[in-house]
file structure_30.cif (mmCIF, C-alpha atoms, pLDDT in the B column; chains and numbers go by the auth columns)
data_my_file
#
loop_
_atom_site.group_PDB
_atom_site.id
_atom_site.type_symbol
_atom_site.label_atom_id
_atom_site.label_comp_id
_atom_site.label_asym_id
_atom_site.label_seq_id
_atom_site.Cartn_x
_atom_site.Cartn_y
_atom_site.Cartn_z
_atom_site.B_iso_or_equiv
_atom_site.auth_seq_id
_atom_site.auth_asym_id
ATOM 1 C CA MET A 1 -29.857 -33.951 -21.142 57.00 118 S
ATOM 2 C CA THR A 2 -32.411 -35.853 -19.116 60.00 119 S
ATOM 3 C CA ASP A 3 -32.607 -35.705 -15.335 61.00 120 S
ATOM 4 C CA ASP A 4 -31.019 -39.161 -15.213 63.00 121 S
ATOM 5 C CA GLU A 5 -28.024 -37.891 -17.209 66.00 122 S
ATOM 6 C CA LYS A 6 -27.425 -34.759 -15.101 72.00 123 S
ATOM 7 C CA PRO A 7 -24.573 -34.978 -12.627 75.00 124 S
ATOM 8 C CA ARG A 8 -25.693 -35.490 -9.065 93.00 125 S
ATOM 9 C CA TYR A 9 -23.655 -32.845 -7.300 97.00 126 S
ATOM 10 C CA GLY A 10 -22.512 -33.903 -3.868 95.00 127 S
ATOM 11 C CA VAL A 11 -22.307 -37.568 -4.888 96.00 128 S
ATOM 12 C CA GLY A 12 -18.860 -39.050 -5.392 96.00 129 S
ATOM 13 C CA ASP A 13 -16.619 -36.630 -7.243 97.00 130 S
ATOM 14 C CA ALA A 14 -19.402 -35.057 -9.349 97.00 131 S
ATOM 15 C CA SER A 15 -18.947 -31.616 -7.766 98.00 132 S
ATOM 16 C CA PHE A 16 -15.162 -31.790 -8.089 98.00 133 S
ATOM 17 C CA GLN A 17 -15.501 -32.692 -11.766 97.00 134 S
ATOM 18 C CA ALA A 18 -18.119 -29.959 -12.319 98.00 135 S
ATOM 19 C CA ALA A 19 -15.619 -27.451 -10.915 98.00 136 S
ATOM 20 C CA GLY A 20 -13.044 -28.530 -13.482 98.00 137 S
ATOM 21 C CA GLY A 21 -11.054 -30.854 -11.257 98.00 138 S
ATOM 22 C CA LYS A 22 -7.928 -29.692 -9.483 98.00 139 S
ATOM 23 C CA ALA A 23 -7.066 -27.110 -12.153 98.00 140 S
ATOM 24 C CA GLY A 24 -10.570 -25.630 -12.020 98.00 141 S
ATOM 25 C CA VAL A 25 -10.614 -25.406 -8.238 98.00 142 S
ATOM 26 C CA PHE A 26 -7.176 -23.772 -8.100 98.00 143 S
ATOM 27 C CA ARG A 27 -8.233 -21.315 -10.846 98.00 144 S
ATOM 28 C CA LEU A 28 -11.383 -20.454 -8.870 98.00 145 S
ATOM 29 C CA VAL A 29 -9.429 -19.855 -5.667 98.00 146 S
ATOM 30 C CA ASN A 30 -6.741 -17.765 -7.366 98.00 147 S
ATOM 31 C CA GLN A 31 -9.357 -15.569 -9.013 98.00 148 S
ATOM 32 C CA PHE A 32 -11.248 -15.345 -5.709 98.00 149 S
ATOM 33 C CA TYR A 33 -8.214 -14.020 -3.848 98.00 150 S
ATOM 34 C CA ASP A 34 -7.285 -11.733 -6.755 98.00 151 S
ATOM 35 C CA ARG A 35 -10.784 -10.216 -6.570 98.00 152 S
ATOM 36 C CA MET A 36 -10.697 -9.975 -2.795 98.00 153 S
ATOM 37 C CA GLY A 37 -7.338 -8.211 -2.848 97.00 154 S
ATOM 38 C CA SER A 38 -8.235 -5.735 -5.584 98.00 155 S
ATOM 39 C CA ASP A 39 -11.822 -4.755 -4.676 98.00 156 S
ATOM 40 C CA ASP A 40 -12.301 -2.313 -1.797 98.00 157 S
ATOM 41 C CA ARG A 41 -15.628 -3.959 -0.916 97.00 158 S
ATOM 42 C CA PHE A 42 -13.640 -6.921 0.376 97.00 159 S
ATOM 43 C CA ALA A 43 -10.816 -5.031 2.114 97.00 160 S
ATOM 44 C CA ALA A 44 -11.987 -6.024 5.606 96.00 161 S
ATOM 45 C CA ILE A 45 -11.865 -9.747 4.919 96.00 162 S
ATOM 46 C CA TYR A 46 -8.675 -9.525 2.864 97.00 163 S
ATOM 47 C CA ALA A 47 -6.997 -7.794 5.826 96.00 164 S
ATOM 48 C CA MET A 48 -7.744 -10.879 7.967 95.00 165 S
ATOM 49 C CA HIS A 49 -5.277 -12.888 5.877 95.00 166 S
ATOM 50 C CA PRO A 50 -1.506 -13.082 6.361 93.00 167 S
ATOM 51 C CA ASP A 51 0.694 -10.797 4.274 92.00 168 S
ATOM 52 C CA ASP A 52 1.808 -13.820 2.248 93.00 169 S
ATOM 53 C CA ILE A 53 -1.556 -14.720 0.736 96.00 170 S
ATOM 54 C CA GLU A 54 -0.087 -17.729 -1.108 97.00 171 S
ATOM 55 C CA VAL A 55 -0.528 -20.013 1.886 95.00 172 S
ATOM 56 C CA SER A 56 -4.191 -19.005 2.163 96.00 173 S
ATOM 57 C CA ARG A 57 -4.681 -19.648 -1.548 98.00 174 S
ATOM 58 C CA ASP A 58 -3.087 -23.078 -1.244 97.00 175 S
ATOM 59 C CA LYS A 59 -5.074 -24.039 1.851 96.00 176 S
ATOM 60 C CA LEU A 60 -8.447 -22.996 0.430 97.00 177 S
ATOM 61 C CA ALA A 61 -7.840 -24.658 -2.935 98.00 178 S
ATOM 62 C CA ARG A 62 -6.672 -27.887 -1.320 98.00 179 S
ATOM 63 C CA PHE A 63 -9.597 -27.846 1.112 97.00 180 S
ATOM 64 C CA LEU A 64 -12.139 -27.264 -1.666 98.00 181 S
ATOM 65 C CA CYS A 65 -10.732 -30.128 -3.742 98.00 182 S
ATOM 66 C CA GLY A 66 -11.548 -32.594 -0.965 97.00 183 S
ATOM 67 C CA TRP A 67 -14.751 -30.849 0.111 97.00 184 S
ATOM 68 C CA LEU A 68 -16.064 -31.153 -3.444 98.00 185 S
ATOM 69 C CA GLY A 69 -15.402 -34.893 -3.477 98.00 186 S
ATOM 70 C CA GLY A 70 -11.973 -34.875 -5.072 98.00 187 S
ATOM 71 C CA PRO A 71 -8.610 -35.813 -3.581 98.00 188 S
ATOM 72 C CA LYS A 72 -8.042 -34.843 0.055 97.00 189 S
ATOM 73 C CA LEU A 73 -5.157 -32.521 -0.778 97.00 190 S
ATOM 74 C CA TYR A 74 -5.522 -30.376 2.342 95.00 191 S
ATOM 75 C CA ARG A 75 -5.235 -33.373 4.648 96.00 192 S
ATOM 76 C CA GLU A 76 -2.218 -34.674 2.701 95.00 193 S
ATOM 77 C CA LYS A 77 -0.289 -31.433 3.242 95.00 194 S
ATOM 78 C CA TYR A 78 -1.735 -29.813 6.376 94.00 195 S
ATOM 79 C CA GLY A 79 -3.585 -32.555 8.286 93.00 196 S
ATOM 80 C CA GLY A 80 -7.203 -32.486 9.445 91.00 197 S
ATOM 81 C CA ILE A 81 -9.288 -29.337 9.652 87.00 198 S
ATOM 82 C CA SER A 82 -12.358 -27.911 11.330 88.00 199 S
ATOM 83 C CA ILE A 83 -13.322 -24.825 9.335 86.00 200 S
ATOM 84 C CA PRO A 84 -15.100 -23.068 12.228 83.00 201 S
ATOM 85 C CA ARG A 85 -12.242 -23.737 14.652 85.00 202 S
ATOM 86 C CA VAL A 86 -9.438 -22.500 12.398 87.00 203 S
ATOM 87 C CA HIS A 87 -11.284 -19.186 12.037 89.00 204 S
ATOM 88 C CA GLU A 88 -12.024 -18.676 15.764 86.00 205 S
ATOM 89 C CA HIS A 89 -9.352 -16.015 16.145 86.00 206 S
ATOM 90 C CA LEU A 90 -11.002 -13.779 13.546 87.00 207 S
ATOM 91 C CA ALA A 91 -13.796 -11.247 13.999 88.00 208 S
ATOM 92 C CA ILE A 92 -16.279 -12.807 11.595 93.00 209 S
ATOM 93 C CA ALA A 93 -19.872 -11.665 11.942 92.00 210 S
ATOM 94 C CA THR A 94 -22.663 -11.444 9.384 95.00 211 S
ATOM 95 C CA PRO A 95 -21.053 -8.601 7.365 95.00 212 S
ATOM 96 C CA GLU A 96 -17.761 -10.493 7.003 96.00 213 S
ATOM 97 C CA ARG A 97 -19.526 -13.744 6.150 96.00 214 S
ATOM 98 C CA ASP A 98 -21.541 -11.926 3.530 97.00 215 S
ATOM 99 C CA GLN A 99 -18.456 -10.203 2.070 97.00 216 S
ATOM 100 C CA TRP A 100 -16.809 -13.597 1.669 97.00 217 S
ATOM 101 C CA LEU A 101 -19.910 -15.072 0.035 98.00 218 S
ATOM 102 C CA ILE A 102 -20.376 -12.112 -2.331 98.00 219 S
ATOM 103 C CA CYS A 103 -16.726 -12.259 -3.375 98.00 220 S
ATOM 104 C CA MET A 104 -17.032 -15.994 -3.986 98.00 221 S
ATOM 105 C CA LYS A 105 -20.367 -15.646 -5.808 98.00 222 S
ATOM 106 C CA GLU A 106 -18.928 -13.072 -8.194 98.00 223 S
ATOM 107 C CA THR A 107 -15.893 -15.271 -8.786 98.00 224 S
ATOM 108 C CA VAL A 108 -18.008 -18.375 -9.318 98.00 225 S
ATOM 109 C CA ALA A 109 -20.126 -16.424 -11.819 98.00 226 S
ATOM 110 C CA ASP A 110 -16.981 -15.857 -13.919 98.00 227 S
ATOM 111 C CA GLN A 111 -16.136 -19.576 -14.073 98.00 228 S
ATOM 112 C CA PRO A 112 -17.023 -21.866 -16.980 98.00 229 S
ATOM 113 C CA PHE A 113 -19.193 -23.988 -14.668 98.00 230 S
ATOM 114 C CA ALA A 114 -22.699 -25.160 -15.526 97.00 231 S
ATOM 115 C CA GLU A 115 -25.292 -22.700 -14.201 97.00 232 S
ATOM 116 C CA ASP A 116 -26.945 -25.312 -11.999 97.00 233 S
ATOM 117 C CA PHE A 117 -23.564 -26.146 -10.468 98.00 234 S
ATOM 118 C CA LYS A 118 -22.870 -22.469 -9.746 98.00 235 S
ATOM 119 C CA LYS A 119 -26.155 -22.260 -7.849 98.00 236 S
ATOM 120 C CA TYR A 120 -25.502 -25.551 -6.042 98.00 237 S
ATOM 121 C CA LEU A 121 -21.963 -24.518 -5.101 98.00 238 S
ATOM 122 C CA MET A 122 -23.035 -21.218 -3.571 98.00 239 S
ATOM 123 C CA GLU A 123 -25.829 -22.909 -1.609 98.00 240 S
ATOM 124 C CA GLN A 124 -23.296 -25.399 -0.255 97.00 241 S
ATOM 125 C CA LEU A 125 -20.651 -22.754 0.547 98.00 242 S
ATOM 126 C CA PHE A 126 -23.163 -20.895 2.696 97.00 243 S
ATOM 127 C CA VAL A 127 -23.124 -23.826 5.150 96.00 244 S
ATOM 128 C CA PRO A 128 -19.466 -23.579 6.293 95.00 245 S
ATOM 129 C CA ALA A 129 -19.542 -19.770 6.029 95.00 246 S
ATOM 130 C CA GLU A 130 -22.502 -19.662 8.397 95.00 247 S
ATOM 131 C CA ALA A 131 -20.910 -22.279 10.671 92.00 248 S
ATOM 132 C CA VAL A 132 -17.867 -20.023 11.061 92.00 249 S
ATOM 133 C CA ARG A 133 -20.030 -16.982 11.834 93.00 250 S
ATOM 134 C CA ARG A 134 -22.151 -18.953 14.307 91.00 251 S
ATOM 135 C CA ARG A 135 -19.122 -20.474 16.095 88.00 252 S
ATOM 136 C CA ILE A 136 -17.485 -17.080 16.562 87.00 253 S
ATOM 137 C CA SER A 137 -20.777 -15.598 17.770 87.00 254 S
ATOM 138 C CA GLU A 138 -21.151 -18.426 20.296 87.00 255 S
ATOM 139 C CA LEU A 139 -17.601 -17.899 21.544 83.00 256 S
ATOM 140 C CA ALA A 140 -18.252 -14.173 21.934 80.00 257 S
ATOM 141 C CA ASP A 141 -21.472 -14.896 23.837 79.00 258 S
ATOM 142 C CA ASN A 142 -19.604 -17.266 26.172 72.00 259 S
ATOM 143 C CA THR A 143 -16.974 -14.658 27.027 68.00 260 S
ATOM 144 C CA LYS A 144 -19.477 -11.972 28.003 59.00 261 S
ATOM 145 C CA PRO A 145 -19.942 -11.597 31.747 57.00 262 S
ATOM 146 C CA ALA A 146 -23.146 -13.087 33.027 51.00 263 S
ATOM 147 C CA ALA A 147 -25.841 -10.602 33.906 52.00 264 S
ATOM 148 C CA SER A 148 -26.009 -9.772 37.576 49.00 265 S
ATOM 149 C CA PRO A 149 -29.141 -10.885 39.332 52.00 266 S
ATOM 150 C CA ARG A 150 -31.519 -8.010 39.941 53.00 267 S
ATOM 151 C CA THR A 151 -32.129 -6.998 43.477 51.00 268 S
ATOM 152 C CA THR A 152 -35.155 -4.957 44.310 46.00 269 S
#
call {"tool": "encode", "arguments": {"input": "structure_30.cif", "output": "structure tokens"}}
result
Amino acid sequence: MTDDEKPRYGVGDASFQAAGGKAGVFRLVNQFYDRMGSDDRFAAIYAMHPDDIEVSRDKLARFLCGWLGGPKLYREKYGGISIPRVHEHLAIATPERDQWLICMKETVADQPFAEDFKKYLMEQLFVPAEAVRRRISELADNTKPAASPRTT
């Protein structure tokens, strides 16, 4: 395959198609949550989810379909979304961000995706994961009391 024939991920629905379309994205998300719920390394982030994990599965899969350039399934069912804002109530710092990314990376590695798409996908997923961590950090910084001026 020449460079001209390779899919240009991030353009149109190329990423969505590379992920296997709706079925591939839902398979990825289901395996992701299965891994998260069964591997003690991810217990902290799994515990942040509601007891009924099915809603979380549905929301992430629907979000990823649209985020990857496919149909906007999240918006159709749940309305608009700001990923950092919907996670503001959670204690997500670097360790939690990294747990999420490791769990996703291991799950992506198990998918029948092209190797270059796996790499591309993980690079792209870092962006919203870091945005969530940064937003929560900024909120925490804004709630700390201001330092008292020094008097000497």
call {"tool": "resolve_selection", "arguments": {"input": "structure_30.cif", "expression": "the PyMOL selection byres ((chain S and resi 236-252) around 12)", "output": "PyMOL selection string"}}
result
chain S and resi 124-127+131-133+135-136+142+145+180-181+184-185+199-226+228+230-235+253-259
call {"tool": "closest_residue", "arguments": {"input": "structure_30.cif", "among": "S:Gly186, S:Ile198, S:Ser173, S:Lys123", "to": "Phe149 of chain S", "atoms": "only C-alpha atoms"}}
result
S:Ser173
call {"tool": "closest_residue", "arguments": {"input": "structure_30.cif", "among": "S:Pro188, S:Tyr195, S:Asp227, S:Tyr150", "to": "Gly138 of chain S", "atoms": "all atoms listed in the file"}}
result
S:Pro188
call {"tool": "closest_residue", "arguments": {"input": "structure_30.cif", "among": "S:Phe159, S:Gln134, S:Tyr191, S:Gly141", "to": "Leu177 of chain S", "atoms": "all atoms listed in the file"}}
result
S:Tyr191
call {"tool": "residues_near_point", "arguments": {"input": "structure_30.cif", "point": "(-7.3, -31.2, -6.9)", "cutoff": "8 Å", "atoms": "only C-alpha atoms", "output": "PDB file with C-alpha atoms, in the coordinates of the input"}}
result
ATOM      1  CA  PHE S 133     -15.162 -31.790  -8.089  1.00 98.00           C
ATOM      2  CA  GLY S 138     -11.054 -30.854 -11.257  1.00 98.00           C
ATOM      3  CA  LYS S 139      -7.928 -29.692  -9.483  1.00 98.00           C
ATOM      4  CA  ALA S 140      -7.066 -27.110 -12.153  1.00 98.00           C
ATOM      5  CA  VAL S 142     -10.614 -25.406  -8.238  1.00 98.00           C
ATOM      6  CA  PHE S 143      -7.176 -23.772  -8.100  1.00 98.00           C
ATOM      7  CA  ALA S 178      -7.840 -24.658  -2.935  1.00 98.00           C
ATOM      8  CA  ARG S 179      -6.672 -27.887  -1.320  1.00 98.00           C
ATOM      9  CA  CYS S 182     -10.732 -30.128  -3.742  1.00 98.00           C
ATOM     10  CA  GLY S 183     -11.548 -32.594  -0.965  1.00 97.00           C
ATOM     11  CA  GLY S 187     -11.973 -34.875  -5.072  1.00 98.00           C
ATOM     12  CA  PRO S 188      -8.610 -35.813  -3.581  1.00 98.00           C
ATOM     13  CA  LYS S 189      -8.042 -34.843   0.055  1.00 97.00           C
ATOM     14  CA  LEU S 190      -5.157 -32.521  -0.778  1.00 97.00           C
TER      15      LEU S 190
END
call {"tool": "atom_distance", "arguments": {"input": "structure_30.cif", "atom1": "atom CA of Gly154 of chain S", "atom2": "atom CA of Pro229 of chain S"}}
result
21.9 Å
call {"tool": "closest_residue", "arguments": {"input": "structure_30.cif", "among": "S:Asn147, S:Asp157, S:Gly196, S:Asp130", "to": "Glu171 of chain S", "atoms": "only C-alpha atoms"}}
result
S:Asn147
call {"tool": "atom_distance", "arguments": {"input": "structure_30.cif", "atom1": "atom CA of Val146 of chain S", "atom2": "atom CA of Val172 of chain S"}}
result
11.7 Å
call {"tool": "resolve_selection", "arguments": {"input": "structure_30.cif", "expression": "the PyMOL selection byres ((chain S and resi 163) around 10)", "output": "compact mmCIF listing (two decimals) with C-alpha atoms, keeping the file's coordinate frame"}}
result
# COMPACT_ATOMS: atom_id res chain seq x y z
CA TYR S 150 -8.21 -14.02 -3.85
CA ASP S 151 -7.28 -11.73 -6.76
CA ARG S 152 -10.78 -10.22 -6.57
CA MET S 153 -10.70 -9.98 -2.80
CA GLY S 154 -7.34 -8.21 -2.85
CA SER S 155 -8.24 -5.74 -5.58
CA ASP S 156 -11.82 -4.76 -4.68
CA ASP S 157 -12.30 -2.31 -1.80
CA ARG S 158 -15.63 -3.96 -0.92
CA PHE S 159 -13.64 -6.92 0.38
CA ALA S 160 -10.82 -5.03 2.11
CA ALA S 161 -11.99 -6.02 5.61
CA ILE S 162 -11.86 -9.75 4.92
CA ALA S 164 -7.00 -7.79 5.83
CA MET S 165 -7.74 -10.88 7.97
CA HIS S 166 -5.28 -12.89 5.88
CA PRO S 167 -1.51 -13.08 6.36
CA ASP S 168 0.69 -10.80 4.27
CA ILE S 170 -1.56 -14.72 0.74
CA GLN S 216 -18.46 -10.20 2.07
CA TRP S 217 -16.81 -13.60 1.67
call {"tool": "axis_aligned_box", "arguments": {"input": "structure_30.cif", "around": "segment 207-214 of chain S", "padding_each_side": "5 Å", "output": "AutoDock Vina command-line options"}}
result
--center_x -16.8 --center_y -11.2 --center_z 10.1 --size_x 21.7 --size_y 15.2 --size_z 17.8
